[in-house]
Every structure is written in C-alpha cells, then in structure tokens.
$ cat coords.cif   # mmCIF, C-alpha atoms
data_model
loop_
_atom_site.label_atom_id
_atom_site.label_comp_id
_atom_site.auth_asym_id
_atom_site.auth_seq_id
_atom_site.Cartn_x
_atom_site.Cartn_y
_atom_site.Cartn_z
CA MET I 14 58.96 34.84 -15.03
CA ARG I 15 58.61 33.08 -18.38
CA VAL I 16 56.06 30.62 -16.96
CA GLU I 17 53.86 33.49 -15.74
CA TRP I 18 53.75 34.97 -19.25
CA ARG I 19 52.66 31.61 -20.62
CA ILE I 20 49.88 31.40 -18.04
CA LEU I 21 48.69 34.86 -19.04
CA LEU I 22 48.67 33.87 -22.71
CA LEU I 23 46.70 30.67 -22.12
CA PRO I 24 43.17 32.21 -22.06
CA LEU I 25 43.97 34.11 -25.24
CA ALA I 26 45.20 30.96 -26.95
CA LEU I 27 42.07 29.10 -25.86
CA ALA I 28 39.84 31.88 -27.14
CA VAL I 29 41.51 31.70 -30.54
CA LEU I 30 41.65 27.92 -30.76
CA ARG I 31 38.17 27.08 -29.42
CA PRO I 32 36.15 28.01 -32.51
CA ALA I 33 38.58 26.11 -34.70
CA ALA I 34 38.29 23.10 -32.45
CA THR I 35 34.48 23.12 -32.28
CA MET I 36 33.95 23.79 -35.97
CA ALA I 37 34.97 21.04 -38.35
CA GLN I 38 36.52 22.41 -41.52
CA ALA I 39 36.50 19.32 -43.72
CA TRP I 40 33.58 17.17 -44.81
CA GLN I 41 35.41 14.06 -43.62
CA ASP I 42 35.51 15.46 -40.07
CA LEU I 43 31.73 15.78 -39.83
CA SER I 44 29.65 13.17 -38.05
CA PRO I 45 26.83 11.44 -39.99
CA ARG I 46 24.33 13.62 -38.16
CA GLN I 47 26.22 16.82 -39.12
CA ARG I 48 26.53 15.58 -42.70
CA TYR I 49 22.82 14.90 -42.80
CA ASP I 50 22.05 18.42 -41.54
CA ALA I 51 24.51 19.91 -44.05
CA MET I 52 22.89 17.98 -46.91
CA ARG I 53 19.42 19.08 -45.81
CA ASN I 54 20.62 22.71 -45.72
CA TYR I 55 22.25 22.27 -49.12
CA ARG I 56 18.93 21.13 -50.60
CA GLN I 57 17.33 24.27 -49.15
CA TYR I 58 20.13 26.42 -50.62
CA GLU I 59 19.85 24.71 -53.98
CA SER I 60 16.12 25.36 -54.22
CA ALA I 61 16.47 29.05 -53.29
CA PRO I 62 16.42 31.76 -56.01
CA ALA I 63 19.79 32.88 -57.40
CA GLU I 64 19.63 36.23 -55.55
CA LYS I 65 19.17 34.52 -52.23
CA GLN I 66 21.98 32.09 -53.01
CA GLN I 67 24.24 35.03 -53.74
CA ALA I 68 23.20 36.75 -50.48
CA ILE I 69 24.00 33.56 -48.57
CA ASP I 70 27.40 33.23 -50.26
CA GLU I 71 28.18 36.82 -49.27
CA GLY I 72 26.89 36.18 -45.75
CA PHE I 73 29.19 33.19 -45.47
CA GLU I 74 32.21 35.29 -46.44
CA ARG I 75 31.25 37.85 -43.84
CA TRP I 76 30.70 35.12 -41.23
CA ARG I 77 34.13 33.64 -41.90
CA ASN I 78 35.74 37.03 -41.35
CA LEU I 79 33.90 37.83 -38.12
CA PRO I 80 36.07 37.78 -35.00
CA PRO I 81 35.44 34.75 -32.75
CA GLN I 82 33.75 36.93 -30.11
CA GLU I 83 31.35 38.28 -32.71
CA GLN I 84 30.60 34.75 -33.91
CA GLU I 85 29.85 33.73 -30.34
CA LYS I 86 27.52 36.67 -29.92
CA VAL I 87 25.69 35.79 -33.15
CA ARG I 88 25.35 32.20 -32.00
CA ARG I 89 23.82 33.34 -28.72
CA ASN I 90 21.43 35.59 -30.64
CA TYR I 91 20.51 32.67 -32.86
CA GLU I 92 19.67 30.55 -29.82
CA ARG I 93 17.50 33.38 -28.51
CA PHE I 94 15.86 33.74 -31.92
CA GLN I 95 15.13 30.01 -31.97
CA GLN I 96 13.24 30.27 -28.70
CA LEU I 97 10.79 32.81 -30.12
CA THR I 98 7.39 31.71 -31.32
CA PRO I 99 6.75 31.83 -35.09
CA ALA I 100 4.58 34.92 -34.60
CA GLN I 101 7.31 36.66 -32.58
CA ARG I 102 9.90 35.80 -35.22
CA ALA I 103 7.73 37.16 -37.99
CA GLN I 104 7.16 40.35 -35.99
CA LEU I 105 10.88 40.74 -35.36
CA GLU I 106 11.67 40.22 -39.04
CA ARG I 107 9.13 42.88 -40.02
CA LYS I 108 10.63 45.19 -37.45
CA TYR I 109 14.12 44.50 -38.79
CA GLU I 110 13.06 45.25 -42.37
CA LYS I 111 11.63 48.62 -41.27
CA TRP I 112 14.67 49.40 -39.15
CA LYS I 113 16.99 48.48 -42.03
CA ASP I 114 15.25 50.92 -44.36
CA ARG I 115 15.48 53.81 -41.91
CA PRO I 116 17.94 56.43 -43.17
CA ASN I 117 19.33 57.35 -39.72
CA ARG I 118 19.84 53.89 -38.23
CA MET R 6 -29.32 -70.15 -79.60
CA ASP R 7 -28.85 -71.89 -76.30
CA SER R 8 -25.24 -70.81 -76.28
CA CYS R 9 -26.39 -67.21 -77.04
CA ARG R 10 -28.64 -67.25 -73.95
CA ARG R 11 -25.84 -68.59 -71.77
CA VAL R 12 -23.37 -65.99 -73.12
CA ARG R 13 -25.79 -63.14 -72.45
CA GLU R 14 -26.22 -64.33 -68.89
CA GLU R 15 -22.49 -64.10 -68.46
CA LEU R 16 -22.12 -60.69 -70.10
CA THR R 17 -22.15 -58.82 -66.79
CA ALA R 18 -19.48 -61.04 -65.30
CA TRP R 19 -17.40 -60.57 -68.47
CA VAL R 20 -17.68 -56.78 -68.30
CA ASP R 21 -16.67 -56.83 -64.65
CA GLY R 22 -13.63 -58.98 -65.50
CA GLU R 23 -14.89 -61.83 -63.42
CA LEU R 24 -15.06 -64.37 -66.22
CA GLN R 25 -11.98 -66.58 -66.19
CA GLY R 26 -10.64 -69.94 -67.29
CA ARG R 27 -12.74 -72.23 -69.43
CA SER R 28 -15.84 -70.06 -69.16
CA ARG R 29 -13.93 -67.07 -70.55
CA HIS R 30 -12.50 -69.19 -73.36
CA GLY R 31 -15.94 -70.46 -74.43
CA PHE R 32 -17.33 -66.93 -74.12
CA ASP R 33 -14.67 -65.46 -76.39
CA ARG R 34 -15.09 -68.24 -78.91
CA HIS R 35 -18.83 -67.59 -79.12
CA LEU R 36 -18.40 -63.86 -79.51
CA ALA R 37 -15.99 -64.46 -82.38
CA THR R 38 -18.70 -66.23 -84.33
CA CYS R 39 -21.94 -64.54 -83.12
CA GLU R 40 -22.41 -60.98 -84.33
CA ALA R 41 -25.56 -60.39 -82.28
CA CYS R 42 -23.86 -61.36 -79.02
CA ARG R 43 -20.80 -59.28 -79.99
CA ALA R 44 -23.02 -56.24 -80.47
CA GLU R 45 -24.77 -56.87 -77.17
CA ALA R 46 -21.42 -57.21 -75.36
CA ALA R 47 -20.13 -53.98 -76.94
CA LEU R 48 -23.31 -52.14 -75.96
CA LEU R 49 -23.12 -53.34 -72.39
CA ARG R 50 -19.43 -52.44 -72.10
CA CYS R 51 -20.10 -48.91 -73.43
CA ALA R 52 -22.98 -48.48 -70.99
CA VAL R 53 -20.86 -49.64 -68.06
CA VAL R 54 -17.92 -47.37 -69.01
CA ALA R 55 -20.24 -44.37 -69.36
CA GLN R 56 -21.90 -45.11 -66.03
CA THR R 57 -18.53 -45.50 -64.30
CA ALA R 58 -17.34 -42.15 -65.63
CA LEU R 59 -20.54 -40.47 -64.53
CA LEU R 60 -20.34 -41.97 -61.07
CA ARG R 61 -16.69 -40.91 -60.73
CA ARG R 62 -17.52 -37.31 -61.63
CA THR R 63 -20.44 -37.25 -59.22
CA LEU R 64 -18.85 -38.90 -56.22
CA LEU R 65 -15.22 -37.71 -56.68
CA PRO R 66 -15.31 -34.15 -58.04
CA GLU R 67 -12.13 -32.83 -59.64
CA PRO R 68 -10.11 -30.96 -57.02
CA SER R 69 -10.34 -27.19 -57.32
CA VAL R 70 -7.39 -24.78 -56.83
CA GLY R 71 -8.69 -23.86 -53.38
CA LEU R 72 -8.92 -27.51 -52.35
CA LEU R 73 -5.40 -28.18 -53.67
CA TRP R 74 -4.04 -25.13 -51.75
CA THR R 75 -5.71 -26.28 -48.54
CA ARG R 76 -4.27 -29.78 -48.95
CA LEU R 77 -0.82 -28.33 -49.76
CA GLN R 78 -0.86 -26.11 -46.68
CA GLY R 79 -1.91 -29.04 -44.54
CA ALA R 80 0.92 -31.13 -45.96
CA MET R 81 3.46 -28.30 -45.40
CA GLN R 82 2.38 -27.88 -41.80
CA GLU R 83 2.68 -31.58 -41.20
CA GLU R 84 6.10 -31.68 -42.84
CA SER R 85 7.71 -28.70 -41.07
CA PRO R 86 5.79 -27.51 -38.00
CA ARG R 87 8.78 -25.38 -36.87
CA TYR R 88 8.51 -23.11 -39.91
CA ARG R 89 4.74 -22.92 -39.98
CA PHE R 90 4.85 -19.10 -39.58
CA LEU R 91 7.00 -18.76 -42.71
CA GLY R 92 4.24 -19.24 -45.23
CA LEU R 93 3.81 -17.25 -48.41
CA ARG R 94 1.48 -14.95 -46.50
CA GLY R 95 4.18 -14.19 -43.92
CA LEU R 96 6.70 -13.51 -46.67
CA ALA R 97 4.29 -11.14 -48.43
CA LEU R 98 3.59 -9.29 -45.17
CA PHE R 99 7.30 -9.00 -44.40
CA SER R 100 8.06 -7.69 -47.90
CA ALA R 101 5.26 -5.14 -47.67
CA ALA R 102 6.47 -3.93 -44.26
CA ALA R 103 10.09 -3.70 -45.47
CA GLY R 104 9.03 -1.80 -48.59
CA MET R 105 6.89 0.60 -46.58
CA THR R 106 9.74 1.24 -44.13
CA LEU R 107 12.14 1.92 -47.00
CA VAL R 108 9.77 4.36 -48.70
CA VAL R 109 9.05 6.24 -45.46
CA THR R 110 12.76 6.39 -44.50
CA LEU R 111 13.90 7.64 -47.90
CA GLY R 112 11.00 10.06 -48.10
CA THR R 113 11.82 11.50 -44.68
CA LEU R 114 15.56 11.72 -45.24
CA GLY R 115 15.34 13.10 -48.77
CA GLY R 116 15.88 10.14 -51.09
CA PRO R 117 18.83 7.75 -51.41
CA ALA R 118 21.35 10.65 -51.41
CA GLY R 119 19.96 11.81 -48.08
CA VAL R 120 20.99 8.48 -46.59
CA LEU R 121 24.06 7.47 -48.62
CA VAL R 122 25.91 10.79 -48.51
CA PRO R 123 25.79 11.25 -44.71
CA MET R 124 26.87 7.63 -44.28
CA GLY R 125 29.89 8.24 -46.52
CA ALA R 126 28.77 5.75 -49.19
CA LYS R 127 28.40 8.52 -51.77
CA ARG R 128 30.36 11.72 -52.37
CA PRO R 129 28.62 14.98 -51.43
CA PRO R 130 27.97 17.69 -54.05
CA ALA R 131 31.09 19.73 -54.91
CA LYS R 132 29.75 22.85 -53.21
CA VAL R 133 29.11 20.99 -49.94
CA GLN R 134 32.51 19.34 -50.08
CA SER R 135 34.31 22.62 -50.69
CA LYS R 136 32.35 24.65 -48.10
CA PRO R 137 31.00 22.27 -45.45
CA THR R 138 30.95 25.07 -42.87
CA LEU R 139 28.54 27.09 -44.99
CA PHE R 140 25.98 24.29 -44.92
CA GLN R 141 26.70 23.40 -41.33
CA GLU R 142 26.08 26.99 -40.19
CA TYR R 143 23.40 27.61 -42.81
CA PRO R 144 20.57 28.55 -40.38
CA ILE R 145 22.78 31.28 -38.86
CA ILE R 146 24.24 32.51 -42.15
CA GLU R 147 20.77 32.68 -43.67
CA ARG R 148 19.75 35.21 -40.97
CA LEU R 149 23.16 36.71 -40.31
CA GLU R 150 22.11 40.35 -40.74
CA ILE R 151 19.21 40.18 -38.33
CA LEU R 152 21.20 38.12 -35.83
CA GLU R 153 24.08 40.60 -35.87
CA ASN R 154 21.64 43.41 -35.06
CA LEU R 155 19.20 41.52 -32.87
CA ASP R 156 19.83 43.58 -29.72
CA THR R 157 19.45 46.86 -31.61
CA VAL R 158 16.32 45.78 -33.45
CA GLU R 159 14.72 44.57 -30.25
CA ALA R 160 15.57 47.79 -28.43
CA VAL R 161 14.54 50.26 -31.11
CA GLN R 162 11.04 51.71 -31.11
CA LEU R 163 9.59 52.28 -34.56
CA GLU R 164 7.12 55.10 -35.01
CA GLU R 165 4.08 52.95 -35.72
CA GLU R 166 4.95 50.35 -33.12
CA THR R 167 3.03 50.28 -29.87
CA PRO R 168 5.03 49.76 -26.63
CA THR R 169 3.45 46.32 -26.06
CA ASP R 170 4.99 44.99 -29.30
CA ALA R 171 8.52 45.44 -27.99
CA GLY R 172 8.68 42.08 -26.15
#
$ encode --input "coords.cif" --output "structure tokens"
Amino acid sequence: MRVEWRILLLPLALAVLRPAATMAQAWQDLSPRQRYDAMRNYRQYESAPAEKQQAIDEGFERWRNLPPQEQEKVRRNYERFQQLTPAQRAQLERKYEKWKDRPNR
Amino acid sequence: MDSCRRVREELTAWVDGELQGRSRHGFDRHLATCEACRAEAALLRCAVVAQTALLRRTLLPEPSVGLLWTRLQGAMQEESPRYRFLGLRGLALFSAAAGMTLVVTLGTLGGPAGVLVPMGAKRPPAKVQSKPTLFQEYPIIERLEILENLDTVEAVQLEEETPTDAG
C-alpha cells in the first residue's frame, strides 16, 4: 500500500523538481554559453533607463513567485512569440498596449 | 738629365708598384735629389689615384638598400630553404591576420569582459553574480506582462481592429 502512494506522488515530485533541475541557480553552474548570454543580457539591462530597470527587477520578482505551471506556460508563449515576424510582434505589442489601457479588461 | 729621362720613363711602372730591386733603389735615390722628377711622380700618382676612384664608382656602384635586401634574401633562402616561407613578410601577414581576428572577436563578443567572464577568467558584475537567473531569463522577464496575457491579447478584438489583423 505504501509503495502505491509513492508511485502516485512521483509525478508531483517531478513537476516540482523539474524547474529547479533545468534552471541553474548559481553563476558557477552556468555553462560558458549561458554565461555569455547572461552577460549580453546584463549589458542590455545596464544600458536601459532606470524606469525600465526597475520594471525588470519587479518582473523578475513576479517571475520567481510564479507557480511552475505558469512559468511553463509563459515559456511556451515566449517560444510562440519568437516565431512571429517583427511586424507581427510590433502589431501584437500595440494591441497589448491598447488592451492594457482598457478599463474593463 | 739623362737620369731624369730614364726616371720619367719608369714613372708608370713605379706608380703601378712594378718597380723592384735595383731599379727601385736607383729611382728612389734620384727622386730624393731631383725636385722636378719628384713633382712629376706626385702628379702622376695623384692622377692615377683619381682615375682609379672614378673607375671604381663607375664600374662598381655602391650597393643600394634594395640591392642589399635582394642579396640578403637570396642568402637566407640558400641558408635555410625549409623556412623560406617564414620571411618578414609572412610574419607581418600573420600578425595582421591575428590582430584582425582578435579585434573582430572582441568586437562581436563585447570586449575582453565578453570573453573572459564567460570563460571564468574574470568575475562577473555583482548583480549578475547575485541574480544569474534574472539575466538568463532576461528575454522572458523583459516581456513578462505580454507573455502572461498572450492568449487573451490574441483573442480579444479591439474596436478599431479589423478581423484580418487578428492572426
């Protein structure tokens, strides 16, 4: 009976542990390629205006607190977003700005 | 006077260094006493020296830098045929290529820090070290709001939007 409970808990444990396993938490754990990407992103962050830096810091806090399923969904959306053409992305961003400003959204 | 005539006949041989032995002794003795013959001998010697110098300059010009370089290259090739390709020209070309590669690499990767930090040879900035995930996930975090609401934004129809814009 005990073994059956463990089997039932296994998918849950995997769901919780997977993001932690795929996402390195320490700089030392990153590969040279990941470090290079992180440094490139840092340069972009550093050159951004203070308001945008603050927005990104807040976004990071929100990202950290998202449930793993939500993070997965956002990742999938990001991949979809990446496949759009520049014109489609710009159109979507304009649409988002209008939608965001709507009072009854 | 007879001895003067004989000495002057031998002047050319004397200048050429061909006068030896007893003839040379008698020649020298006469020159020591005869001022006219001494002057003639000096004049002839000066003329011969000047002519020799002129001939040397005409027939054997002083080697130029280009001529010296050509001779030096020829000598180097004869000395070490195995390393013929490693001339100064090859070294200059190699240095230029290496320099160009370095400039392009550092320019592409964002300077020395862009290379040294990812390789672990230099410490990353404090912010990157404390929050590596932020900069790893930066493209997502930068657009987090729109990505969280992507489905809704795509589905919603704004008033001024035409139906064809929805895709």
$ resolve_selection --input "coords.cif" --expression "the PyMOL selection byres ((chain R) within 10 of (chain I))" --output "number ranges by chain"
R: 114-115, 118-125, 128-130, 132-159, 161-163, 166, 170-172
$ atom_distance --input "coords.cif" --atom1 "atom CA of Cys9 of chain R" --atom2 "atom CA of Ala52 of chain R"
20.0 Å
$ residues_around --input "coords.cif" --residues "segment 12-21 of chain R" --least-positions-apart "5" --cutoff "9 Å" --atoms "all atoms listed in the file" --output "list in words"
Asp7, Ser28, Arg29, Gly31, Phe32, His35, Leu36, Cys42, Glu45, Ala46, Leu49, Arg50 and Val53 of chain R
$ atom_distance --input "coords.cif" --atom1 "atom CA of Pro116 of chain I" --atom2 "atom CA of Ala103 of chain I"
22.4 Å
$ atom_distance --input "coords.cif" --atom1 "atom CA of Leu77 of chain R" --atom2 "atom CA of Ala101 of chain R"
24.1 Å
